[in-house]
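Source file coords_9.pdb; content: PDB, C-alpha atoms and all ligand atoms.
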```pdb
ATOM      1  CA  MET A  12     125.670  96.482 -41.523
ATOM      2  CA  THR A  13     124.696  93.600 -43.772
ATOM      3  CA  ARG A  14     122.408  90.617 -43.533
ATOM      4  CA  ARG A  15     122.341  87.239 -45.208
ATOM      5  CA  ALA A  16     119.530  86.525 -47.662
ATOM      6  CA  LEU A  17     118.749  83.404 -49.683
ATOM      7  CA  VAL A  18     118.202  84.872 -53.128
ATOM      8  CA  VAL A  19     116.984  83.306 -56.359
ATOM      9  CA  GLU A  20     118.735  85.668 -58.776
ATOM     10  CA  LYS A  21     116.874  84.263 -61.741
ATOM     11  CA  PRO A  22     115.349  80.847 -62.410
ATOM     12  CA  GLY A  23     118.032  78.214 -61.758
ATOM     13  CA  THR A  24     120.444  80.477 -59.833
ATOM     14  CA  ILE A  25     120.357  80.596 -56.051
ATOM     15  CA  ARG A  26     122.866  81.750 -53.434
ATOM     16  CA  VAL A  27     123.212  83.327 -50.015
ATOM     17  CA  ARG A  28     123.946  87.019 -50.559
ATOM     18  CA  GLN A  29     125.072  89.735 -48.196
ATOM     19  CA  LEU A  30     122.565  92.562 -48.565
ATOM     20  CA  PRO A  31     122.303  95.936 -46.802
ATOM     21  CA  ALA A  32     120.493  95.848 -43.443
ATOM     22  CA  LEU A  33     116.822  96.893 -43.553
ATOM     23  CA  GLU A  34     115.263  99.994 -41.980
ATOM     24  CA  PRO A  35     111.535 100.149 -41.187
ATOM     25  CA  GLY A  36     109.290 102.796 -42.763
ATOM     26  CA  PRO A  37     106.745 104.546 -40.479
ATOM     27  CA  ASP A  38     104.180 101.678 -40.609
ATOM     28  CA  GLU A  39     106.647  98.817 -40.913
ATOM     29  CA  VAL A  40     108.575  96.461 -38.672
ATOM     30  CA  ILE A  41     111.835  94.589 -39.114
ATOM     31  CA  ILE A  42     111.714  90.985 -37.941
ATOM     32  CA  ARG A  43     114.601  88.605 -37.357
ATOM     33  CA  PRO A  44     113.390  85.193 -38.581
ATOM     34  CA  ALA A  45     114.073  82.218 -36.326
ATOM     35  CA  TYR A  46     112.854  79.405 -38.593
ATOM     36  CA  CYS A  47     111.861  79.498 -42.234
ATOM     37  CA  GLY A  48     110.134  76.526 -43.840
ATOM     38  CA  VAL A  49     110.776  75.504 -47.420
ATOM     39  CA  CYS A  50     108.221  73.768 -49.606
ATOM     40  CA  ARG A  51     107.618  72.637 -53.173
ATOM     41  CA  THR A  52     106.581  76.149 -54.118
ATOM     42  CA  ASP A  53     110.110  77.341 -53.279
ATOM     43  CA  LEU A  54     111.460  74.644 -55.598
ATOM     44  CA  GLU A  55     109.110  75.866 -58.323
ATOM     45  CA  LEU A  56     110.263  79.442 -57.720
ATOM     46  CA  LEU A  57     113.844  78.271 -58.079
ATOM     47  CA  ARG A  58     113.041  76.441 -61.307
ATOM     48  CA  GLY A  59     111.022  79.313 -62.727
ATOM     49  CA  GLU A  60     107.844  77.235 -62.879
ATOM     50  CA  ILE A  61     105.524  79.725 -61.178
ATOM     51  CA  ASP A  62     103.302  81.946 -63.323
ATOM     52  CA  PRO A  63     105.409  85.116 -63.922
ATOM     53  CA  ALA A  64     102.428  87.261 -62.844
ATOM     54  CA  TYR A  65     103.070  86.022 -59.282
ATOM     55  CA  VAL A  66     106.856  86.407 -59.106
ATOM     56  CA  ARG A  67     109.494  89.139 -59.239
ATOM     57  CA  TYR A  68     113.142  88.087 -59.648
ATOM     58  CA  PRO A  69     115.627  88.447 -58.065
ATOM     59  CA  LEU A  70     113.685  87.235 -55.054
ATOM     60  CA  THR A  71     114.500  86.413 -51.455
ATOM     61  CA  LEU A  72     112.716  83.166 -50.601
ATOM     62  CA  GLY A  73     110.676  82.509 -47.479
ATOM     63  CA  HIS A  74     106.893  82.590 -47.038
ATOM     64  CA  GLU A  75     106.668  80.285 -43.982
ATOM     65  CA  TRP A  76     108.538  81.736 -41.022
ATOM     66  CA  SER A  77     108.464  82.936 -37.416
ATOM     67  CA  GLY A  78     110.750  85.374 -35.632
ATOM     68  CA  THR A  79     111.404  88.228 -33.237
ATOM     69  CA  ILE A  80     110.828  91.926 -33.864
ATOM     70  CA  GLU A  81     114.070  93.868 -34.146
ATOM     71  CA  ALA A  82     112.871  97.396 -34.952
ATOM     72  CA  VAL A  83     109.533  99.177 -35.377
ATOM     73  CA  GLY A  84     108.651 102.268 -37.437
ATOM     74  CA  ALA A  85     107.708 105.617 -35.884
ATOM     75  CA  ASP A  86     103.930 105.129 -36.307
ATOM     76  CA  VAL A  87     103.773 101.522 -35.096
ATOM     77  CA  GLU A  88     101.784 100.974 -31.923
ATOM     78  CA  ALA A  89     101.347  97.802 -29.884
ATOM     79  CA  LEU A  90     104.470  96.101 -31.245
ATOM     80  CA  LEU A  91     107.903  96.308 -29.654
ATOM     81  CA  PRO A  92     111.406  95.063 -30.352
ATOM     82  CA  GLY A  93     111.741  91.661 -28.720
ATOM     83  CA  ASP A  94     108.138  90.607 -29.423
ATOM     84  CA  ARG A  95     108.001  87.091 -30.892
ATOM     85  CA  CYS A  96     105.674  86.959 -33.863
ATOM     86  CA  VAL A  97     104.554  85.654 -37.215
ATOM     87  CA  ALA A  98     103.328  87.732 -40.138
ATOM     88  CA  GLU A  99     100.933  87.143 -43.009
ATOM     89  CA  CYS A 100     102.992  86.959 -46.191
ATOM     90  CA  ILE A 101     100.140  87.789 -48.559
ATOM     91  CA  VAL A 102      99.962  91.603 -48.510
ATOM     92  CA  PRO A 103      96.372  92.635 -49.303
ATOM     93  CA  CYS A 104      95.601  96.220 -50.328
ATOM     94  CA  GLY A 105      92.835  96.549 -47.725
ATOM     95  CA  ARG A 106      90.812  98.855 -50.006
ATOM     96  CA  CYS A 107      89.354  96.780 -52.857
ATOM     97  CA  SER A 108      85.888  95.214 -52.663
ATOM     98  CA  PHE A 109      87.371  91.757 -52.023
ATOM     99  CA  CYS A 110      89.480  92.990 -49.106
ATOM    100  CA  LYS A 111      86.472  94.856 -47.681
ATOM    101  CA  ALA A 112      84.451  91.626 -47.825
ATOM    102  CA  GLY A 113      87.232  89.774 -45.978
ATOM    103  CA  ASP A 114      88.383  87.849 -49.054
ATOM    104  CA  THR A 115      91.916  89.181 -48.743
ATOM    105  CA  ASN A 116      93.345  86.084 -50.463
ATOM    106  CA  VAL A 117      91.845  87.220 -53.771
ATOM    107  CA  CYS A 118      92.736  90.919 -53.387
ATOM    108  CA  GLU A 119      92.877  92.776 -56.702
ATOM    109  CA  ILE A 120      96.567  93.407 -56.130
ATOM    110  CA  TYR A 121      98.776  90.383 -55.605
ATOM    111  CA  GLU A 122     101.775  90.956 -53.364
ATOM    112  CA  GLU A 123     103.400  88.232 -51.289
ATOM    113  CA  LEU A 124     106.606  87.985 -49.291
ATOM    114  CA  GLY A 125     108.866  85.375 -50.819
ATOM    115  CA  PHE A 126     107.280  85.918 -54.272
ATOM    116  CA  THR A 127     107.062  89.603 -55.181
ATOM    117  CA  ARG A 128     108.610  91.031 -51.986
ATOM    118  CA  GLU A 129     111.606  89.873 -49.979
ATOM    119  CA  GLY A 130     110.795  86.815 -47.867
ATOM    120  CA  GLY A 131     111.955  85.438 -44.541
ATOM    121  CA  ALA A 132     114.933  83.321 -45.625
ATOM    122  CA  SER A 133     117.153  86.130 -44.386
ATOM    123  CA  ASP A 134     118.510  87.589 -41.156
ATOM    124  CA  GLN A 135     115.927  90.366 -41.530
ATOM    125  CA  VAL A 136     112.541  90.733 -43.160
ATOM    126  CA  LEU A 137     110.465  93.897 -43.593
ATOM    127  CA  VAL A 138     106.710  93.623 -43.021
ATOM    128  CA  PRO A 139     103.780  96.074 -42.812
ATOM    129  CA  ALA A 140     102.899  96.246 -39.107
ATOM    130  CA  ARG A 141      99.205  95.492 -39.795
ATOM    131  CA  LEU A 142     100.162  91.946 -40.882
ATOM    132  CA  VAL A 143     102.102  91.049 -37.728
ATOM    133  CA  HIS A 144     100.604  88.690 -35.118
ATOM    134  CA  LYS A 145     102.200  88.374 -31.690
ATOM    135  CA  LEU A 146     102.931  84.998 -30.131
ATOM    136  CA  GLU A 147     102.310  83.990 -26.526
ATOM    137  CA  PRO A 148     105.467  83.388 -24.463
ATOM    138  CA  SER A 149     104.447  79.718 -24.271
ATOM    139  CA  THR A 150     104.253  79.330 -28.063
ATOM    140  CA  SER A 151     107.340  77.852 -29.662
ATOM    141  CA  LEU A 152     108.848  79.585 -32.679
ATOM    142  CA  LEU A 153     109.089  76.166 -34.333
ATOM    143  CA  ASP A 154     105.320  75.618 -34.105
ATOM    144  CA  ALA A 155     104.793  79.200 -35.224
ATOM    145  CA  ALA A 156     106.918  78.701 -38.348
ATOM    146  CA  LEU A 157     104.161  76.373 -39.575
ATOM    147  CA  VAL A 158     101.364  78.944 -39.185
ATOM    148  CA  GLU A 159     101.536  79.716 -42.910
ATOM    149  CA  PRO A 160     100.845  76.220 -44.298
ATOM    150  CA  CYS A 161      98.405  75.656 -41.399
ATOM    151  CA  SER A 162      96.485  78.814 -42.377
ATOM    152  CA  VAL A 163      96.264  77.579 -45.960
ATOM    153  CA  VAL A 164      94.798  74.314 -44.674
ATOM    154  CA  LEU A 165      92.516  75.953 -42.096
ATOM    155  CA  ARG A 166      91.034  78.300 -44.677
ATOM    156  CA  ALA A 167      90.294  75.362 -46.993
ATOM    157  CA  LEU A 168      88.746  73.289 -44.210
ATOM    158  CA  GLU A 169      86.583  76.201 -43.108
ATOM    159  CA  LYS A 170      85.356  76.504 -46.680
ATOM    160  CA  ALA A 171      84.585  72.770 -46.828
ATOM    161  CA  GLY A 172      82.812  72.732 -43.460
ATOM    162  CA  PRO A 173      83.734  69.381 -41.880
ATOM    163  CA  LYS A 174      81.076  67.934 -39.582
ATOM    164  CA  SER A 175      81.539  66.070 -36.338
ATOM    165  CA  GLY A 176      81.571  62.332 -37.057
ATOM    166  CA  ASP A 177      82.665  62.732 -40.692
ATOM    167  CA  ARG A 178      84.653  59.992 -42.359
ATOM    168  CA  VAL A 179      87.514  61.971 -43.902
ATOM    169  CA  LEU A 180      89.930  60.991 -46.662
ATOM    170  CA  VAL A 181      93.124  62.999 -47.158
ATOM    171  CA  VAL A 182      94.675  62.415 -50.583
ATOM    172  CA  GLY A 183      98.390  63.173 -50.340
ATOM    173  CA  ASP A 184     101.066  62.434 -47.736
ATOM    174  CA  GLY A 185     103.127  65.639 -48.028
ATOM    175  CA  THR A 186     103.219  68.525 -45.553
ATOM    176  CA  ILE A 187      99.843  69.925 -46.582
ATOM    177  CA  GLY A 188      98.212  66.492 -46.404
ATOM    178  CA  LEU A 189      99.706  65.859 -42.958
ATOM    179  CA  LEU A 190      98.557  69.267 -41.688
ATOM    180  CA  ALA A 191      95.084  68.709 -43.168
ATOM    181  CA  ALA A 192      94.809  65.387 -41.325
ATOM    182  CA  TYR A 193      96.004  67.087 -38.151
ATOM    183  CA  LEU A 194      93.784  70.191 -38.289
ATOM    184  CA  VAL A 195      90.606  68.403 -39.388
ATOM    185  CA  SER A 196      90.644  66.808 -35.926
ATOM    186  CA  LEU A 197      89.440  70.214 -34.628
ATOM    187  CA  TRP A 198      86.035  69.211 -36.072
ATOM    188  CA  SER A 199      86.021  65.760 -34.395
ATOM    189  CA  PRO A 200      85.767  63.458 -37.420
ATOM    190  CA  SER A 201      85.027  59.801 -36.686
ATOM    191  CA  GLU A 202      88.001  58.620 -38.722
ATOM    192  CA  VAL A 203      90.761  60.068 -40.891
ATOM    193  CA  THR A 204      92.226  57.945 -43.691
ATOM    194  CA  MET A 205      95.234  59.032 -45.731
ATOM    195  CA  LEU A 206      95.853  57.919 -49.280
ATOM    196  CA  GLY A 207      99.584  58.433 -49.708
ATOM    197  CA  ARG A 208     102.330  57.439 -52.083
ATOM    198  CA  ARG A 209     105.206  56.516 -49.797
ATOM    199  CA  PRO A 210     104.916  53.974 -46.938
ATOM    200  CA  GLU A 211     107.747  55.885 -45.170
ATOM    201  CA  GLN A 212     105.156  58.565 -44.355
ATOM    202  CA  ALA A 213     102.851  56.175 -42.447
ATOM    203  CA  GLN A 214     104.392  56.787 -39.032
ATOM    204  CA  LEU A 215     104.274  60.554 -39.386
ATOM    205  CA  ALA A 216     100.656  60.264 -40.562
ATOM    206  CA  LYS A 217      99.799  58.243 -37.467
ATOM    207  CA  SER A 218     101.378  60.942 -35.276
ATOM    208  CA  VAL A 219      98.877  63.505 -36.618
ATOM    209  CA  GLY A 220      95.841  61.289 -36.046
ATOM    210  CA  VAL A 221      95.536  59.270 -39.254
ATOM    211  CA  ALA A 222      93.833  55.952 -38.394
ATOM    212  CA  ALA A 223      94.508  54.207 -41.712
ATOM    213  CA  PHE A 224      97.375  54.936 -44.108
ATOM    214  CA  GLU A 225      96.954  53.425 -47.561
ATOM    215  CA  THR A 226      98.958  53.652 -50.746
ATOM    216  CA  SER A 227      96.211  52.363 -53.024
ATOM    217  CA  GLY A 228      92.457  52.084 -53.015
ATOM    218  CA  GLY A 229      90.855  54.871 -51.019
ATOM    219  CA  ASN A 230      87.462  53.069 -51.027
ATOM    220  CA  PRO A 231      85.583  55.002 -53.726
ATOM    221  CA  GLY A 232      82.201  56.428 -52.802
ATOM    222  CA  THR A 233      82.459  55.997 -49.035
ATOM    223  CA  PHE A 234      83.812  59.193 -47.486
ATOM    224  CA  ASP A 235      81.852  62.203 -46.235
ATOM    225  CA  LEU A 236      84.711  64.575 -46.987
ATOM    226  CA  ALA A 237      87.768  64.236 -49.215
ATOM    227  CA  ILE A 238      90.682  66.668 -49.044
ATOM    228  CA  GLU A 239      92.927  66.836 -52.119
ATOM    229  CA  ALA A 240      96.446  67.801 -51.057
ATOM    230  CA  VAL A 241      98.654  66.632 -53.926
ATOM    231  CA  GLY A 242      98.043  69.090 -56.730
ATOM    232  CA  VAL A 243      97.808  66.768 -59.721
ATOM    233  CA  ALA A 244      94.700  66.180 -61.823
ATOM    234  CA  GLU A 245      94.653  62.460 -61.059
ATOM    235  CA  ALA A 246      94.424  63.160 -57.311
ATOM    236  CA  VAL A 247      91.559  65.576 -57.929
ATOM    237  CA  ALA A 248      89.685  62.795 -59.736
ATOM    238  CA  THR A 249      90.496  60.324 -56.943
ATOM    239  CA  SER A 250      89.194  62.775 -54.340
ATOM    240  CA  ILE A 251      85.957  63.433 -56.204
ATOM    241  CA  GLY A 252      85.439  59.696 -56.716
ATOM    242  CA  ALA A 253      86.094  58.925 -53.052
ATOM    243  CA  VAL A 254      83.078  60.662 -51.507
ATOM    244  CA  ARG A 255      79.602  59.239 -50.971
ATOM    245  CA  ARG A 256      76.473  60.736 -52.530
ATOM    246  CA  GLY A 257      75.974  64.133 -50.920
ATOM    247  CA  GLY A 258      79.652  64.256 -49.970
ATOM    248  CA  ARG A 259      82.063  67.190 -50.023
ATOM    249  CA  VAL A 260      85.448  67.638 -51.676
ATOM    250  CA  VAL A 261      87.966  70.377 -51.034
ATOM    251  CA  LEU A 262      90.870  71.008 -53.403
ATOM    252  CA  LEU A 263      94.034  72.358 -51.775
ATOM    253  CA  GLY A 264      96.817  71.255 -54.095
ATOM    254  CA  LEU A 265      97.694  73.454 -57.061
ATOM    255  CA  PRO A 266      98.047  71.372 -60.255
ATOM    256  CA  PRO A 267     100.557  72.525 -62.882
ATOM    257  CA  ALA A 268      99.277  75.414 -65.004
ATOM    258  CA  GLY A 269      97.156  74.265 -67.938
ATOM    259  CA  GLN A 270      96.581  70.700 -66.699
ATOM    260  CA  THR A 271      93.055  69.576 -67.551
ATOM    261  CA  LEU A 272      90.830  67.100 -65.807
ATOM    262  CA  GLU A 273      88.432  64.533 -67.244
ATOM    263  CA  LEU A 274      85.472  63.461 -65.126
ATOM    264  CA  PRO A 275      82.149  61.764 -65.791
ATOM    265  CA  ALA A 276      80.126  64.994 -65.800
ATOM    266  CA  ASP A 277      76.854  63.401 -64.706
ATOM    267  CA  MET A 278      78.452  62.019 -61.559
ATOM    268  CA  LEU A 279      78.773  65.443 -59.933
ATOM    269  CA  VAL A 280      75.028  66.047 -60.152
ATOM    270  CA  ASN A 281      73.879  62.461 -59.677
ATOM    271  CA  ASN A 282      75.970  62.255 -56.545
ATOM    272  CA  ASP A 283      74.884  65.674 -55.262
ATOM    273  CA  LEU A 284      78.502  66.649 -54.636
ATOM    274  CA  THR A 285      79.803  69.866 -53.154
ATOM    275  CA  ILE A 286      83.236  70.773 -54.496
ATOM    276  CA  ALA A 287      85.259  73.660 -53.103
ATOM    277  CA  ALA A 288      88.707  74.914 -54.015
ATOM    278  CA  SER A 289      90.816  77.186 -51.862
ATOM    279  CA  PHE A 290      93.643  79.615 -52.594
ATOM    280  CA  GLY A 291      96.046  80.730 -49.878
ATOM    281  CA  TYR A 292      94.567  82.150 -46.678
ATOM    282  CA  THR A 293      92.495  85.110 -45.626
ATOM    283  CA  SER A 294      93.673  87.493 -42.904
ATOM    284  CA  ALA A 295      90.842  86.160 -40.739
ATOM    285  CA  ALA A 296      91.892  82.520 -41.179
ATOM    286  CA  TRP A 297      95.485  83.470 -40.341
ATOM    287  CA  GLY A 298      94.288  85.187 -37.163
ATOM    288  CA  ARG A 299      92.283  82.123 -36.121
ATOM    289  CA  MET A 300      95.296  79.904 -36.780
ATOM    290  CA  VAL A 301      97.518  82.084 -34.603
ATOM    291  CA  ASP A 302      94.870  81.906 -31.852
ATOM    292  CA  LEU A 303      94.876  78.089 -32.040
ATOM    293  CA  VAL A 304      98.671  77.912 -31.796
ATOM    294  CA  ASN A 305      98.795  80.541 -29.032
ATOM    295  CA  ALA A 306      96.142  78.641 -27.062
ATOM    296  CA  GLY A 307      98.212  75.451 -27.330
ATOM    297  CA  ARG A 308      95.384  73.630 -29.118
ATOM    298  CA  VAL A 309      97.689  72.508 -31.923
ATOM    299  CA  GLN A 310     101.452  71.993 -32.165
ATOM    300  CA  PRO A 311     102.137  71.755 -35.905
ATOM    301  CA  GLY A 312     105.902  71.708 -35.302
ATOM    302  CA  ARG A 313     105.465  67.992 -34.573
ATOM    303  CA  ILE A 314     105.715  67.307 -38.300
ATOM    304  CA  ALA A 315     109.122  69.019 -38.617
ATOM    305  CA  THR A 316     111.617  66.341 -39.645
ATOM    306  CA  HIS A 317     114.558  68.287 -41.109
ATOM    307  CA  ARG A 318     116.399  71.438 -40.022
ATOM    308  CA  PHE A 319     119.345  73.030 -41.791
ATOM    309  CA  PRO A 320     121.331  76.234 -41.320
ATOM    310  CA  LEU A 321     120.657  78.914 -43.962
ATOM    311  CA  GLU A 322     123.973  78.195 -45.722
ATOM    312  CA  ALA A 323     122.942  74.548 -46.146
ATOM    313  CA  PHE A 324     119.931  75.490 -48.265
ATOM    314  CA  ALA A 325     121.067  73.042 -50.969
ATOM    315  CA  LYS A 326     120.621  70.174 -48.502
ATOM    316  CA  ALA A 327     117.140  71.447 -47.656
ATOM    317  CA  PHE A 328     116.187  71.456 -51.332
ATOM    318  CA  ALA A 329     117.713  68.001 -51.818
ATOM    319  CA  ALA A 330     115.648  66.701 -48.882
ATOM    320  CA  LEU A 331     112.554  68.247 -50.439
ATOM    321  CA  GLU A 332     113.108  66.327 -53.651
ATOM    322  CA  SER A 333     114.315  63.081 -52.133
ATOM    323  CA  LEU A 334     112.091  60.058 -52.634
ATOM    324  CA  GLU A 335     113.580  58.281 -49.629
ATOM    325  CA  GLY A 336     112.879  58.366 -45.920
ATOM    326  CA  THR A 337     110.264  60.083 -43.803
ATOM    327  CA  ARG A 338     109.724  63.693 -44.770
ATOM    328  CA  GLY A 339     107.612  66.205 -42.891
ATOM    329  CA  LYS A 340     108.316  69.917 -42.725
ATOM    330  CA  ILE A 341     111.801  70.998 -43.773
ATOM    331  CA  LEU A 342     113.060  74.169 -42.131
ATOM    332  CA  LEU A 343     115.974  76.539 -42.392
ATOM    333  CA  GLU A 344     117.157  77.489 -38.940
ATOM    334  CA  ILE A 345     118.150  81.139 -39.089
ATOM    335  CA  ALA A 346     118.265  82.598 -35.589
ATOM    336  CA  GLY A 347     116.807  79.563 -33.796
ATOM    337  CA  GLU A 348     114.715  79.425 -30.652
ATOM    338  CA  ASP A 349     116.920  81.407 -28.274
ATOM    339  CA  HIS A 350     116.979  84.631 -30.236
TER     340      HIS A 350
HETATM  341 ZN    ZN B   1     105.015  76.992 -48.847
HETATM  342 ZN    ZN B   2      92.481  94.299 -51.876
END
```
Show the structure stored in the file as structure tokens.
Ligand SMILES: [Zn+2]
Ligand SMILES: [Zn+2]
Amino acid sequence: MTRRALVVEKPGTIRVRQLPALEPGPDEVIIRPAYCGVCRTDLELLRGEIDPAYVRYPLTLGHEWSGTIEAVGADVEALLPGDRCVAECIVPCGRCSFCKAGDTNVCEIYEELGFTREGGASDQVLVPARLVHKLEPSTSLLDAALVEPCSVVLRALEKAGPKSGDRVLVVGDGTIGLLAAYLVSLWSPSEVTMLGRRPEQAQLAKSVGVAAFETSGGNPGTFDLAIEAVGVAEAVATSIGAVRRGGRVVLLGLPPAGQTLELPADMLVNNDLTIAASFGYTSAAWGRMVDLVNAGRVQPGRIATHRFPLEAFAKAFAALESLEGTRGKILLEIAGEDH
């Protein structure tokens, strides 16, 4: 028995390989992915641009996926073959002081599916059972495939603490920006503005609740909360400059390693700013995100714009890099909805 897996052999070399089928250990489950999202991080993994401390080549891509359980280990309770599920891809140790405090995203040991362990861009993926979250029968696997980026956004928003009636600026019109605009509505802001780069994204932005889509300006000094979702120093500066005195800024994008930022230092204090930055997601934030999707309160699959079969991964990466057309979430369709 073999399975297909989308493997980055080493930076610059990617192909679909036939690998031996997986068997679960006592506390593990084997999941058959239905959909697997791709994002800029996958491109950076392919190019070898991610800090080597966070990567182990050859690597099977896929850190944003949903699927159906195929097999469970001998000691696994409460999960059965056929259960539809998602799984946290960050694998925390559960024993260090950070894990014990609930800060599993900064666990002393970094392990993540799609980075240091095999990811979900495959016919099978092996996951510790403790990281698996079951889906309701009414929850679509397409919506569920976006739980990962949604959890990243939710964790950041929870850290920033939006308030009802806030005027919110989202800097960035990519997937994370779109999901931030969408999920911040859970806090009932008075208005969400998006500062984007490409007018082709305006319609998609509107579909997730953005009232005003702009490609320049951003009205400095007027917003209660700014969410940086680009990951370049310039956007960080724009976000910090966009909030009113007493305002809050949350940084979600990851700028290239070593990039520095110049700011008028007195402004942060004079303007009484609160600045938060957020890495990944905690187990708790992931659980809350699954609850929201299972309850039907959000349908993040609405921003999916491209789907490709696993073998057409090159088209998925080309779409990711393309500067033309509307682009929301790009997904590899592995087993699809009916499996
Ligand atoms: Zn991603
Ligand atoms: Zn830990």
Please identify all polymer residues within 12 Å of Ser218 (chain A), counting only C-alpha atoms, omitting same-chain residues fewer than 5 positions from it, and present them as number ranges by chain. A: 189-190, 192-193, 212-213, 223-224, 310-315, 339
Test item: the PyMOL selection byres (((chain A and resi 180) around 7) and not hetatm) resolved as number ranges by chain: A: 178-179, 181-182, 203-205, 234, 236-238
Running the PyMOL selection byres (((chain A and resi 126) around 10) and not hetatm) on this model by hand, what would come out? Give it as a PyMOL selection string. chain A and resi 52-53+56+61+63-74+100-101+121-125+127-130
Evaluate the PyMOL selection byres (((not hetatm)) within 10 of (chain B and resi 1)) on the structure here and hand back the selected residues as a PyMOL selection string. chain A and resi 47-54+73-76+125+157+159-160+163+186-187+291+340
Report, in Å to a single decimal, how far apart CA of Ser227 (chain A) and CA of Glu245 (chain A) are. 13.0 Å
Could you list, with a cut-off of 12 Å and counting all atoms listed in the file, the residues of chain A near ligand ZN 2 (chain B), each shown with its nearest atom pair and the distance in Å rounded to one decimal, rows sorted by chain and ascending number, as CSV?
```
residue,atom,partner,partner_atom,distance
A:Ile101,CA,B:ZN2,ZN,10.6
A:Val102,CA,B:ZN2,ZN,8.6
A:Pro103,CA,B:ZN2,ZN,5.0
A:Cys104,CA,B:ZN2,ZN,4.0
A:Gly105,CA,B:ZN2,ZN,4.7
A:Arg106,CA,B:ZN2,ZN,5.2
A:Cys107,CA,B:ZN2,ZN,4.1
A:Ser108,CA,B:ZN2,ZN,6.7
A:Phe109,CA,B:ZN2,ZN,5.7
A:Cys110,CA,B:ZN2,ZN,4.3
A:Lys111,CA,B:ZN2,ZN,7.3
A:Ala112,CA,B:ZN2,ZN,9.4
A:Gly113,CA,B:ZN2,ZN,9.1
A:Asp114,CA,B:ZN2,ZN,8.1
A:Thr115,CA,B:ZN2,ZN,6.0
A:Asn116,CA,B:ZN2,ZN,8.4
A:Val117,CA,B:ZN2,ZN,7.4
A:Cys118,CA,B:ZN2,ZN,3.7
A:Glu119,CA,B:ZN2,ZN,5.1
A:Ile120,CA,B:ZN2,ZN,6.0
A:Tyr121,CA,B:ZN2,ZN,8.3
A:Glu122,CA,B:ZN2,ZN,10.0
A:Thr293,CA,B:ZN2,ZN,11.1
A:Ser294,CA,B:ZN2,ZN,11.3
```
